[in-house]
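Q: Before I ask anything, here is the structure I am working with.
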Amino acid sequence: MRRGLPAVALALLVFALPASGQKAAPGKPDRSKPDRSKPPALGPVRPLKLPPVLELRLSNGLPVFVVERHEVPVVQVDAVVRAGAGNDPLEKPGLASLTADMLDEGAGSRGTLEISDETDFLGADLSAEAGWDSAAVALHVPVKRLDKALPIFADVLVRPTFPASEIERVRKDRLTELLQWRDEPAAIASVAFARALYGPGHRYGTATVGTESSVRALSRSDLTAFHARTFRPEDAAIVVVGDVGADSVRGELEKVLGGWKASGPGAAAEVPAAPQVPGREVWIVDRPGAAQSEIRIGRIGPPRSTPDYFALTVMNTILGGSFTSRLMQNLREQHGYAYGARSRFDFRLSSGPFVAAAAVQTDKTAPALTEFFKELEAIRKTITDAEVAKAKNYVALSFPASLETTGDIASRLAEQFVYRLPNDWIQTYVSRIGAVTTADVRRVASEYVDPGKVAVVVVGDRGKIESEVKALNLGPIKTWSVDDLFGVEKKSK
């Protein structure tokens with residue numbers, strides 16, 4: 001009897017299921033098979049729900065933004081300062097970057113090895129860096145070790161000692177990095193594009209790390225003066241995300257940062273807006289024997305504060321901001337000229353660049369340029385409702401991935417502080433992307449993408465590509481060598 005019952009049950013189950021070849025009743029859809037004739041319809045984008053952001057202040061006025069996340073017993077503490085490479089004196093590019101790099105190389109009573117040993121013992125990660133618009137000190141630590149790690153964090157932020165021996169070591173690392181750039185086509189193209197677009201008289205015309213000559217010339221007094229001028233509580237904020245309570249973390253921060261006071265005059269004026277490219281010019285950087293050509297095409301873009309930020313984000317997604325973008329489909333899928341092609345707006349406090357880029361086969365340099373300009377022209381003329389809907393979904397559904405970790409959330413809140421964005425910008429990001437219309441996208445494409453006024457940079461074998469590029473009649477052609485861009489190191493005899 002026991003053996004028979006499962007067989008009977010199985011038989012009943014089999015007969016209860018529809019046969020695989022059974023047809024639907026006349027007039028009714030066949031639901032036994034999925035419809036693979038078209039992709040499934042996209043559902044509505046669900047609203048993004050985030051933990052609340054609490055804004056506190058220490059006794060010295062230093063703002064503290066706290067997001068409590070209790071799933072994992074760790075905490076991220078970031079200090080962000082509104083001062084970066086954009087605040088470098090024009091004659092001292094790389095100053096902010098080198099200053100930030102030196103913050104954890106000696107601070108308070110600790111040397112660089114002591115800082116490293118103590119943070120390792122606590123299971124913490126401590127780092128410092130500077131970008132164009134800000135500098136940051138970041139601490140990630142188990143919450144049980146937070147009270148031990150915060151004094152180190154505060155010393156690195158407020159009391160760096162800039163030891164001379166460590167400056168020389170980091171300086172050598174920087175010079176080695178710049179030397180390596182000479183052999184990296186993508187790095188050469190980035191340096192050349194910035195120089196072509198902004199010129200040597202604008203701070204954005206030189207990389208954040210500076211040049212060989214500026215890195216050699218920066219002194220300890222330069223670093224201490226920059227730190228005193230820019231690392232000030234009135235220009236800074238602390239972001240805390242993790243398994244902490246707002247009141248308790250404020251008390252811990254008050255102990256180590258409540259006495260922080262400004263020690264020098266304020267930071268320099270903001271980076272001035274750059275003039276737009278007046279026409280179309282081509283620069284070729286010669287790399288004899290190169291198997292590929294690095295292409296950069298672009299112009300001056302708007303600052304992060306532009307009201308067109310969301311429409312531009314959607315438009316660029318269609319043009320070159322995703323794997324299914326027009327540039328990628330053209331240069332990679334249709335023609336096979338490149339592994340990938342892309343475009344982006346580099347939003348900064350001042351007018352950052354818009355750039356379209358790819359690395360293409362040397363013998364396809366001129367045809368690739370033709371296709372680039374075809375797409376830059378086309379985006380100004382035809383954008384469909386379907387493309388806009390697809391791009392909006394891509395951006396909206398990708399955004400939560402940028403908020404997965406404590407570090408991700410801290411970075412977004414730091415961005416809010418640096419660019420003076422409204423307090424609800426993260427919560428409303430998805431809905432504001434959703435509010436972008438096809439008319440908005442068409443308008444910004446016409447306004448911000450002008451292929452007749454762009455800088456074109458090609459890094460490749462000049463002997464193989466110049467004649468074909470010249471035949472395209474894109475504009476006057478200028479040539480640079482790698483030494484023209486990076487300078488030639490003069491060796492003493």
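Following the order of the structure tokens, first chain is A, next is B, and so on, with residues numbered from 1 inside each chain and ligands from 1 in the order they appear.
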Hey, what's within 12 Å of A:Ser221 if we count only C-alpha atoms and toss same-chain stuff fewer than 3 positions away? As a PDB file with C-alpha atoms, in the first residue's frame, please?

A:
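Done, and the output landed in out19.pdb:
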ATOM      1  CA  LEU A  95      49.528  71.132  -5.271  1.00  0.00           C
ATOM      2  CA  THR A  99      48.920  67.788  -0.294  1.00  0.00           C
ATOM      3  CA  THR A 161      53.147  67.028   9.602  1.00  0.00           C
ATOM      4  CA  PHE A 162      54.358  66.678   5.988  1.00  0.00           C
ATOM      5  CA  PRO A 163      57.693  64.992   6.823  1.00  0.00           C
ATOM      6  CA  ALA A 164      60.377  66.017   4.337  1.00  0.00           C
ATOM      7  CA  ILE A 167      57.510  64.180   0.597  1.00  0.00           C
ATOM      8  CA  ALA A 217      59.231  72.360  -7.699  1.00  0.00           C
ATOM      9  CA  LEU A 218      56.568  71.918  -4.988  1.00  0.00           C
ATOM     10  CA  THR A 224      51.599  73.427   4.604  1.00  0.00           C
ATOM     11  CA  ALA A 225      50.337  76.757   3.251  1.00  0.00           C
ATOM     12  CA  PHE A 226      47.756  75.084   1.013  1.00  0.00           C
ATOM     13  CA  HIS A 227      46.511  72.945   3.894  1.00  0.00           C
ATOM     14  CA  ALA A 228      46.204  75.960   6.196  1.00  0.00           C
TER      15      ALA A 228
END

Q: Can you list every residue in stretch 122-338 of chain A that DSSP puts in helix (DSSP H, G or I), as a compact mmCIF listing (two decimals) with N, CA and C atoms, in the first residue's frame?

A:
# COMPACT_ATOMS: atom_id res chain seq x y z
N VAL A 143 32.64 49.06 13.79
CA VAL A 143 32.07 50.06 14.69
C VAL A 143 32.66 49.95 16.10
N LYS A 144 33.06 48.76 16.51
CA LYS A 144 33.65 48.60 17.85
C LYS A 144 35.01 49.29 17.98
N ARG A 145 35.65 49.58 16.84
CA ARG A 145 36.97 50.22 16.87
C ARG A 145 36.90 51.71 16.52
N LEU A 146 35.70 52.23 16.36
CA LEU A 146 35.56 53.62 15.92
C LEU A 146 36.22 54.59 16.89
N ASP A 147 36.04 54.38 18.19
CA ASP A 147 36.60 55.33 19.16
C ASP A 147 38.12 55.36 19.12
N LYS A 148 38.74 54.25 18.73
CA LYS A 148 40.20 54.21 18.62
C LYS A 148 40.68 54.79 17.29
N ALA A 149 39.86 54.69 16.25
CA ALA A 149 40.28 55.14 14.93
C ALA A 149 40.07 56.64 14.72
N LEU A 150 39.06 57.21 15.37
CA LEU A 150 38.75 58.62 15.13
C LEU A 150 39.90 59.58 15.48
N PRO A 151 40.64 59.37 16.57
CA PRO A 151 41.78 60.29 16.82
C PRO A 151 42.81 60.28 15.69
N ILE A 152 43.06 59.12 15.09
CA ILE A 152 44.00 59.05 13.95
C ILE A 152 43.41 59.81 12.77
N PHE A 153 42.14 59.55 12.51
CA PHE A 153 41.42 60.24 11.42
C PHE A 153 41.51 61.75 11.60
N ALA A 154 41.27 62.24 12.80
CA ALA A 154 41.30 63.68 13.05
C ALA A 154 42.69 64.26 12.87
N ASP A 155 43.72 63.54 13.31
CA ASP A 155 45.08 64.03 13.12
C ASP A 155 45.42 64.14 11.63
N VAL A 156 45.05 63.13 10.86
CA VAL A 156 45.33 63.15 9.43
C VAL A 156 44.64 64.34 8.76
N LEU A 157 43.41 64.62 9.16
CA LEU A 157 42.65 65.72 8.58
C LEU A 157 43.17 67.09 9.00
N VAL A 158 43.45 67.27 10.28
CA VAL A 158 43.71 68.60 10.84
C VAL A 158 45.19 68.85 11.11
N ALA A 164 59.60 65.76 5.55
CA ALA A 164 60.38 66.02 4.34
C ALA A 164 60.77 64.73 3.63
N SER A 165 61.15 63.71 4.41
CA SER A 165 61.59 62.46 3.78
C SER A 165 60.44 61.78 3.05
N GLU A 166 59.24 61.87 3.60
CA GLU A 166 58.08 61.26 2.96
C GLU A 166 57.65 62.05 1.73
N ILE A 167 57.81 63.36 1.78
CA ILE A 167 57.51 64.18 0.60
C ILE A 167 58.37 63.74 -0.57
N GLU A 168 59.65 63.50 -0.32
CA GLU A 168 60.54 63.09 -1.40
C GLU A 168 60.17 61.72 -1.94
N ARG A 169 59.75 60.82 -1.07
CA ARG A 169 59.34 59.49 -1.52
C ARG A 169 58.08 59.59 -2.39
N VAL A 170 57.09 60.34 -1.94
CA VAL A 170 55.86 60.48 -2.71
C VAL A 170 56.12 61.24 -4.00
N ARG A 171 57.03 62.22 -3.94
CA ARG A 171 57.38 62.97 -5.14
C ARG A 171 57.96 62.03 -6.21
N LYS A 172 58.83 61.13 -5.79
CA LYS A 172 59.41 60.18 -6.74
C LYS A 172 58.33 59.28 -7.34
N ASP A 173 57.35 58.88 -6.51
CA ASP A 173 56.25 58.08 -7.04
C ASP A 173 55.47 58.85 -8.09
N ARG A 174 55.23 60.15 -7.83
CA ARG A 174 54.51 60.98 -8.80
C ARG A 174 55.28 61.12 -10.11
N LEU A 175 56.56 61.35 -10.00
CA LEU A 175 57.38 61.49 -11.21
C LEU A 175 57.42 60.19 -12.00
N THR A 176 57.45 59.07 -11.29
CA THR A 176 57.40 57.78 -11.98
C THR A 176 56.08 57.60 -12.69
N GLU A 177 54.99 58.00 -12.04
CA GLU A 177 53.67 57.90 -12.66
C GLU A 177 53.60 58.75 -13.93
N LEU A 178 54.10 59.97 -13.86
CA LEU A 178 54.10 60.84 -15.03
C LEU A 178 54.97 60.27 -16.15
N LEU A 179 56.07 59.64 -15.78
CA LEU A 179 56.93 59.01 -16.77
C LEU A 179 56.20 57.85 -17.44
N GLN A 180 55.44 57.09 -16.67
CA GLN A 180 54.68 55.97 -17.23
C GLN A 180 53.58 56.46 -18.16
N TRP A 181 53.02 57.61 -17.88
CA TRP A 181 51.97 58.17 -18.74
C TRP A 181 52.44 58.33 -20.18
N PRO A 185 48.78 55.36 -24.17
CA PRO A 185 48.04 56.19 -25.12
C PRO A 185 46.82 56.88 -24.53
N ALA A 186 46.08 56.18 -23.65
CA ALA A 186 44.89 56.80 -23.06
C ALA A 186 45.28 57.99 -22.18
N ALA A 187 46.37 57.86 -21.43
CA ALA A 187 46.82 58.98 -20.59
C ALA A 187 47.31 60.14 -21.46
N ILE A 188 48.03 59.83 -22.51
CA ILE A 188 48.49 60.88 -23.43
C ILE A 188 47.30 61.62 -24.01
N ALA A 189 46.28 60.86 -24.42
CA ALA A 189 45.10 61.48 -25.02
C ALA A 189 44.38 62.38 -24.03
N SER A 190 44.30 61.98 -22.77
CA SER A 190 43.63 62.80 -21.75
C SER A 190 44.38 64.11 -21.53
N VAL A 191 45.70 64.03 -21.44
CA VAL A 191 46.51 65.23 -21.25
C VAL A 191 46.39 66.15 -22.47
N ALA A 192 46.47 65.56 -23.67
CA ALA A 192 46.40 66.35 -24.89
C ALA A 192 45.02 66.99 -25.07
N PHE A 193 43.97 66.26 -24.74
CA PHE A 193 42.62 66.80 -24.90
C PHE A 193 42.40 67.99 -23.96
N ALA A 194 42.83 67.87 -22.72
CA ALA A 194 42.69 68.99 -21.78
C ALA A 194 43.47 70.21 -22.27
N ARG A 195 44.67 69.98 -22.79
CA ARG A 195 45.48 71.10 -23.28
C ARG A 195 44.83 71.73 -24.51
N ALA A 196 44.30 70.91 -25.41
CA ALA A 196 43.67 71.45 -26.62
C ALA A 196 42.41 72.23 -26.30
N LEU A 197 41.66 71.75 -25.30
CA LEU A 197 40.37 72.36 -24.99
C LEU A 197 40.52 73.62 -24.16
N TYR A 198 41.37 73.59 -23.15
CA TYR A 198 41.47 74.70 -22.20
C TYR A 198 42.71 75.57 -22.36
N ARG A 203 43.31 76.42 -15.44
CA ARG A 203 43.70 75.32 -14.55
C ARG A 203 43.23 73.96 -15.07
N TYR A 204 42.11 73.90 -15.76
CA TYR A 204 41.64 72.62 -16.28
C TYR A 204 42.47 72.13 -17.47
N GLY A 205 43.41 72.93 -17.92
CA GLY A 205 44.26 72.53 -19.03
C GLY A 205 45.40 71.62 -18.64
N GLU A 212 55.62 67.34 -14.66
CA GLU A 212 56.92 66.95 -14.12
C GLU A 212 57.61 68.14 -13.46
N SER A 213 57.61 69.27 -14.11
CA SER A 213 58.31 70.44 -13.56
C SER A 213 57.62 70.95 -12.30
N SER A 214 56.29 70.95 -12.27
CA SER A 214 55.60 71.46 -11.08
C SER A 214 55.77 70.51 -9.90
N VAL A 215 55.72 69.21 -10.15
CA VAL A 215 55.90 68.25 -9.07
C VAL A 215 57.31 68.37 -8.48
N ARG A 216 58.30 68.59 -9.33
CA ARG A 216 59.66 68.76 -8.83
C ARG A 216 59.81 70.02 -7.99
N ALA A 217 59.05 71.06 -8.34
CA ALA A 217 59.23 72.36 -7.70
C ALA A 217 58.44 72.52 -6.40
N ARG A 220 57.75 71.78 0.77
CA ARG A 220 56.98 71.51 1.98
C ARG A 220 56.18 72.73 2.40
N SER A 221 56.76 73.90 2.28
CA SER A 221 56.03 75.12 2.65
C SER A 221 54.81 75.33 1.75
N ASP A 222 54.89 74.92 0.49
CA ASP A 222 53.73 75.01 -0.39
C ASP A 222 52.59 74.14 0.15
N LEU A 223 52.94 72.94 0.59
CA LEU A 223 51.92 72.01 1.08
C LEU A 223 51.31 72.51 2.39
N THR A 224 52.13 72.96 3.32
CA THR A 224 51.60 73.43 4.60
C THR A 224 50.73 74.66 4.41
N ALA A 225 51.13 75.55 3.51
CA ALA A 225 50.34 76.76 3.25
C ALA A 225 49.00 76.42 2.61
N PHE A 226 49.00 75.47 1.67
CA PHE A 226 47.76 75.08 1.01
C PHE A 226 46.82 74.44 2.03
N HIS A 227 47.34 73.59 2.88
CA HIS A 227 46.51 72.95 3.89
C HIS A 227 45.91 73.98 4.83
N ALA A 228 46.71 74.94 5.29
CA ALA A 228 46.20 75.96 6.20
C ALA A 228 45.14 76.83 5.54
N ARG A 229 45.29 77.06 4.25
CA ARG A 229 44.37 77.94 3.53
C ARG A 229 43.05 77.27 3.18
N THR A 230 43.07 75.98 2.95
CA THR A 230 41.87 75.32 2.42
C THR A 230 41.20 74.35 3.37
N PRO A 233 37.15 74.31 8.95
CA PRO A 233 35.85 73.73 9.30
C PRO A 233 34.69 74.40 8.60
N GLU A 234 34.80 75.69 8.27
CA GLU A 234 33.70 76.36 7.58
C GLU A 234 33.57 75.95 6.13
N ASP A 235 34.59 75.28 5.58
CA ASP A 235 34.54 74.78 4.21
C ASP A 235 34.54 73.26 4.15
N ALA A 246 23.10 58.62 15.89
CA ALA A 246 23.49 59.99 15.58
C ALA A 246 24.06 60.70 16.81
N ASP A 247 23.42 60.56 17.96
CA ASP A 247 23.87 61.28 19.15
C ASP A 247 25.22 60.77 19.63
N SER A 248 25.41 59.46 19.61
CA SER A 248 26.67 58.92 20.10
C SER A 248 27.83 59.30 19.19
N VAL A 249 27.62 59.27 17.86
CA VAL A 249 28.71 59.60 16.96
C VAL A 249 29.02 61.09 17.02
N ARG A 250 28.02 61.91 17.26
CA ARG A 250 28.32 63.34 17.42
C ARG A 250 29.22 63.56 18.63
N GLY A 251 28.96 62.84 19.70
CA GLY A 251 29.81 62.98 20.88
C GLY A 251 31.25 62.56 20.60
N GLU A 252 31.42 61.46 19.86
CA GLU A 252 32.77 61.01 19.53
C GLU A 252 33.49 62.02 18.64
N LEU A 253 32.78 62.57 17.67
CA LEU A 253 33.38 63.55 16.77
C LEU A 253 33.70 64.85 17.49
N GLU A 254 32.87 65.22 18.44
CA GLU A 254 33.12 66.45 19.20
C GLU A 254 34.44 66.35 19.96
N LYS A 255 34.75 65.17 20.47
CA LYS A 255 35.99 64.99 21.21
C LYS A 255 37.21 65.27 20.35
N VAL A 256 37.17 64.85 19.09
CA VAL A 256 38.39 64.92 18.26
C VAL A 256 38.39 66.09 17.29
N LEU A 257 37.21 66.64 16.97
CA LEU A 257 37.16 67.71 15.97
C LEU A 257 36.46 68.98 16.46
N TYR A 309 21.02 69.40 -15.90
CA TYR A 309 21.80 68.22 -15.50
C TYR A 309 21.07 66.92 -15.83
N PHE A 310 19.81 66.80 -15.49
CA PHE A 310 19.09 65.54 -15.67
C PHE A 310 18.79 65.29 -17.15
N ALA A 311 18.42 66.33 -17.88
CA ALA A 311 18.19 66.15 -19.32
C ALA A 311 19.49 65.76 -20.03
N LEU A 312 20.60 66.35 -19.63
CA LEU A 312 21.89 66.01 -20.23
C LEU A 312 22.29 64.57 -19.89
N THR A 313 21.98 64.13 -18.69
CA THR A 313 22.27 62.75 -18.30
C THR A 313 21.53 61.77 -19.19
N VAL A 314 20.27 62.03 -19.45
CA VAL A 314 19.48 61.16 -20.32
C VAL A 314 19.99 61.22 -21.76
N MET A 315 20.25 62.44 -22.26
CA MET A 315 20.73 62.59 -23.62
C MET A 315 22.06 61.87 -23.82
N ASN A 316 22.98 62.01 -22.88
CA ASN A 316 24.28 61.37 -23.04
C ASN A 316 24.17 59.85 -22.94
N THR A 317 23.22 59.35 -22.19
CA THR A 317 23.00 57.91 -22.14
C THR A 317 22.65 57.38 -23.52
N ILE A 318 21.85 58.13 -24.26
CA ILE A 318 21.49 57.73 -25.63
C ILE A 318 22.70 57.81 -26.55
N LEU A 319 23.49 58.86 -26.40
CA LEU A 319 24.62 59.08 -27.30
C LEU A 319 25.78 58.14 -27.03
N ARG A 326 24.30 54.92 -29.03
CA ARG A 326 24.51 55.05 -30.47
C ARG A 326 25.98 54.88 -30.84
N LEU A 327 26.86 55.51 -30.08
CA LEU A 327 28.29 55.41 -30.41
C LEU A 327 28.78 53.96 -30.31
N MET A 328 28.37 53.27 -29.25
CA MET A 328 28.80 51.89 -29.07
C MET A 328 28.24 51.00 -30.18
N GLN A 329 26.99 51.17 -30.50
CA GLN A 329 26.39 50.34 -31.54
C GLN A 329 27.02 50.60 -32.91
N ASN A 330 27.38 51.84 -33.16
CA ASN A 330 27.97 52.19 -34.45
C ASN A 330 29.41 51.68 -34.55
N LEU A 331 30.29 52.17 -33.67
CA LEU A 331 31.71 51.89 -33.83
C LEU A 331 32.08 50.45 -33.46
N ARG A 332 31.36 49.86 -32.53
CA ARG A 332 31.68 48.48 -32.13
C ARG A 332 30.85 47.46 -32.90
N GLU A 333 29.52 47.55 -32.77
CA GLU A 333 28.67 46.49 -33.28
C GLU A 333 28.54 46.54 -34.81
N GLN A 334 28.34 47.75 -35.35
CA GLN A 334 28.11 47.85 -36.79
C GLN A 334 29.40 47.77 -37.60

Q: One decimal, Å: what's the distance from atom CA of A:Asp450 over to atom CA of A:Lys478, could you say?

A: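 Atom-to-atom, atom CA of A:Asp450 to atom CA of A:Lys478, that is 20.8 Å.
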
Q: Need to verify the contact set: A:Leu50, 12 Å, only C-alpha atoms, exclusion of same-chain residues closer than 4 positions in sequence. Can you return it as a PDB file with N, CA and C atoms, in the first residue's frame?

A:
ATOM      1  N   VAL A  67      23.805  58.889   8.415  1.00  0.00           N
ATOM      2  CA  VAL A  67      22.825  57.918   7.927  1.00  0.00           C
ATOM      3  C   VAL A  67      23.039  56.635   8.717  1.00  0.00           C
ATOM      4  N   GLU A  68      22.038  56.219   9.463  1.00  0.00           N
ATOM      5  CA  GLU A  68      22.143  55.020  10.269  1.00  0.00           C
ATOM      6  C   GLU A  68      21.769  53.793   9.434  1.00  0.00           C
ATOM      7  N   ARG A  69      22.700  52.838   9.357  1.00  0.00           N
ATOM      8  CA  ARG A  69      22.460  51.562   8.679  1.00  0.00           C
ATOM      9  C   ARG A  69      23.000  50.466   9.596  1.00  0.00           C
ATOM     10  N   PRO A 400      20.245  53.034  -7.999  1.00  0.00           N
ATOM     11  CA  PRO A 400      20.379  52.379  -6.689  1.00  0.00           C
ATOM     12  C   PRO A 400      21.684  51.624  -6.502  1.00  0.00           C
ATOM     13  N   LEU A 403      24.353  53.260  -4.542  1.00  0.00           N
ATOM     14  CA  LEU A 403      24.065  53.510  -3.123  1.00  0.00           C
ATOM     15  C   LEU A 403      24.070  52.209  -2.327  1.00  0.00           C
ATOM     16  N   GLU A 404      24.813  51.211  -2.795  1.00  0.00           N
ATOM     17  CA  GLU A 404      24.768  49.892  -2.170  1.00  0.00           C
ATOM     18  C   GLU A 404      25.534  49.837  -0.851  1.00  0.00           C
ATOM     19  N   ILE A 409      27.084  55.607  -0.227  1.00  0.00           N
ATOM     20  CA  ILE A 409      26.185  56.631   0.317  1.00  0.00           C
ATOM     21  C   ILE A 409      26.981  57.834   0.802  1.00  0.00           C
ATOM     22  N   ASP A 424      17.332  67.008  -0.702  1.00  0.00           N
ATOM     23  CA  ASP A 424      16.562  65.854  -1.164  1.00  0.00           C
ATOM     24  C   ASP A 424      17.015  65.343  -2.530  1.00  0.00           C
ATOM     25  N   TRP A 425      18.190  65.736  -2.992  1.00  0.00           N
ATOM     26  CA  TRP A 425      18.566  65.413  -4.369  1.00  0.00           C
ATOM     27  C   TRP A 425      18.723  63.908  -4.586  1.00  0.00           C
ATOM     28  N   ILE A 426      19.191  63.186  -3.581  1.00  0.00           N
ATOM     29  CA  ILE A 426      19.334  61.738  -3.738  1.00  0.00           C
ATOM     30  C   ILE A 426      17.957  61.079  -3.790  1.00  0.00           C
ATOM     31  N   GLN A 427      17.082  61.480  -2.869  1.00  0.00           N
ATOM     32  CA  GLN A 427      15.748  60.882  -2.825  1.00  0.00           C
ATOM     33  C   GLN A 427      14.932  61.197  -4.076  1.00  0.00           C
ATOM     34  N   THR A 428      15.162  62.363  -4.673  1.00  0.00           N
ATOM     35  CA  THR A 428      14.356  62.764  -5.834  1.00  0.00           C
ATOM     36  C   THR A 428      15.048  62.498  -7.162  1.00  0.00           C
ATOM     37  N   TYR A 429      16.237  61.881  -7.137  1.00  0.00           N
ATOM     38  CA  TYR A 429      16.994  61.674  -8.373  1.00  0.00           C
ATOM     39  C   TYR A 429      16.187  60.878  -9.391  1.00  0.00           C
TER      40      TYR A 429
END

Q: A:Leu421, A:Leu48, A:Val449, A:Val458: which is nearest A:Leu349, counting only C-alpha atoms?

A: A:Leu421

Q: If you count only C-alpha atoms, which residues fall within 12 Å of A:Thr438, apart from same-chain ones fewer than 6 positions away, as a ChimeraX atom specification?

A: /A:311-312,314-315,318,382-392,444-445

Q: When DSSP works through the backbone of this structure, what residues of stretch 26-182 of chain A end up as strand (DSSP E), shown as a count of residues only?

A: 36

Q: Applying 9 Å and only C-alpha atoms, which residues near A:Ala396 remain after dropping the ones on its own chain fewer than 5 positions away? List them as a ChimeraX atom specification.

A: /A:45,391,429-431,433-434

Q: With C-alpha atoms retained, could you export that selection as an mmCIF file, in the first residue's frame?

A:
data_model
loop_
_atom_site.group_PDB
_atom_site.id
_atom_site.type_symbol
_atom_site.label_atom_id
_atom_site.label_comp_id
_atom_site.auth_asym_id
_atom_site.auth_seq_id
_atom_site.Cartn_x
_atom_site.Cartn_y
_atom_site.Cartn_z
ATOM 1 C CA VAL A 45 10.261 52.355 -11.918
ATOM 2 C CA ALA A 391 17.536 55.773 -21.425
ATOM 3 C CA TYR A 429 16.994 61.674 -8.373
ATOM 4 C CA VAL A 430 14.902 58.889 -9.898
ATOM 5 C CA SER A 431 11.736 60.988 -10.099
ATOM 6 C CA ILE A 433 15.073 61.570 -14.314
ATOM 7 C CA GLY A 434 11.544 60.309 -14.892
#

Q: In terms of the shortest atom-to-atom distance over only C-alpha atoms, which of A:Val74, A:Val441, A:Leu122, A:Ala85 is closest to A:Leu98?

A: A:Ala85

Q: Set the distance at 9 Å and use only C-alpha atoms: which residues neighbour stretch 127-140 of chain A once local chain neighbours fewer than 4 positions away are removed? I'd like the list as a VMD selection string.

A: chain A and resid 74 to 87 96 to 104 123 146 149 to 150 153 156 to 157 204 208 231 348 to 350 406 to 407 414 418 to 419

Q: Which residue gives the smallest distance to A:Val64 among A:Val239, A:Ala471, A:Ala401, A:Ala357, with only C-alpha atoms counted?

A: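 The shortest atom-to-atom distance to A:Val64 comes from A:Val239.
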
Q: Which residues come within 10 Å of A:Gly259, counting only C-alpha atoms, excluding same-chain residues fewer than 6 positions away, as JSON, numbers by chain?

A: {"A": [58, 59, 60, 233]}

Q: Under the rule that only C-alpha atoms are counted, which of A:Ala366, A:Val141, A:Ile238, A:Ile300 is the nearest residue to A:Ala455?

A: A:Ile300
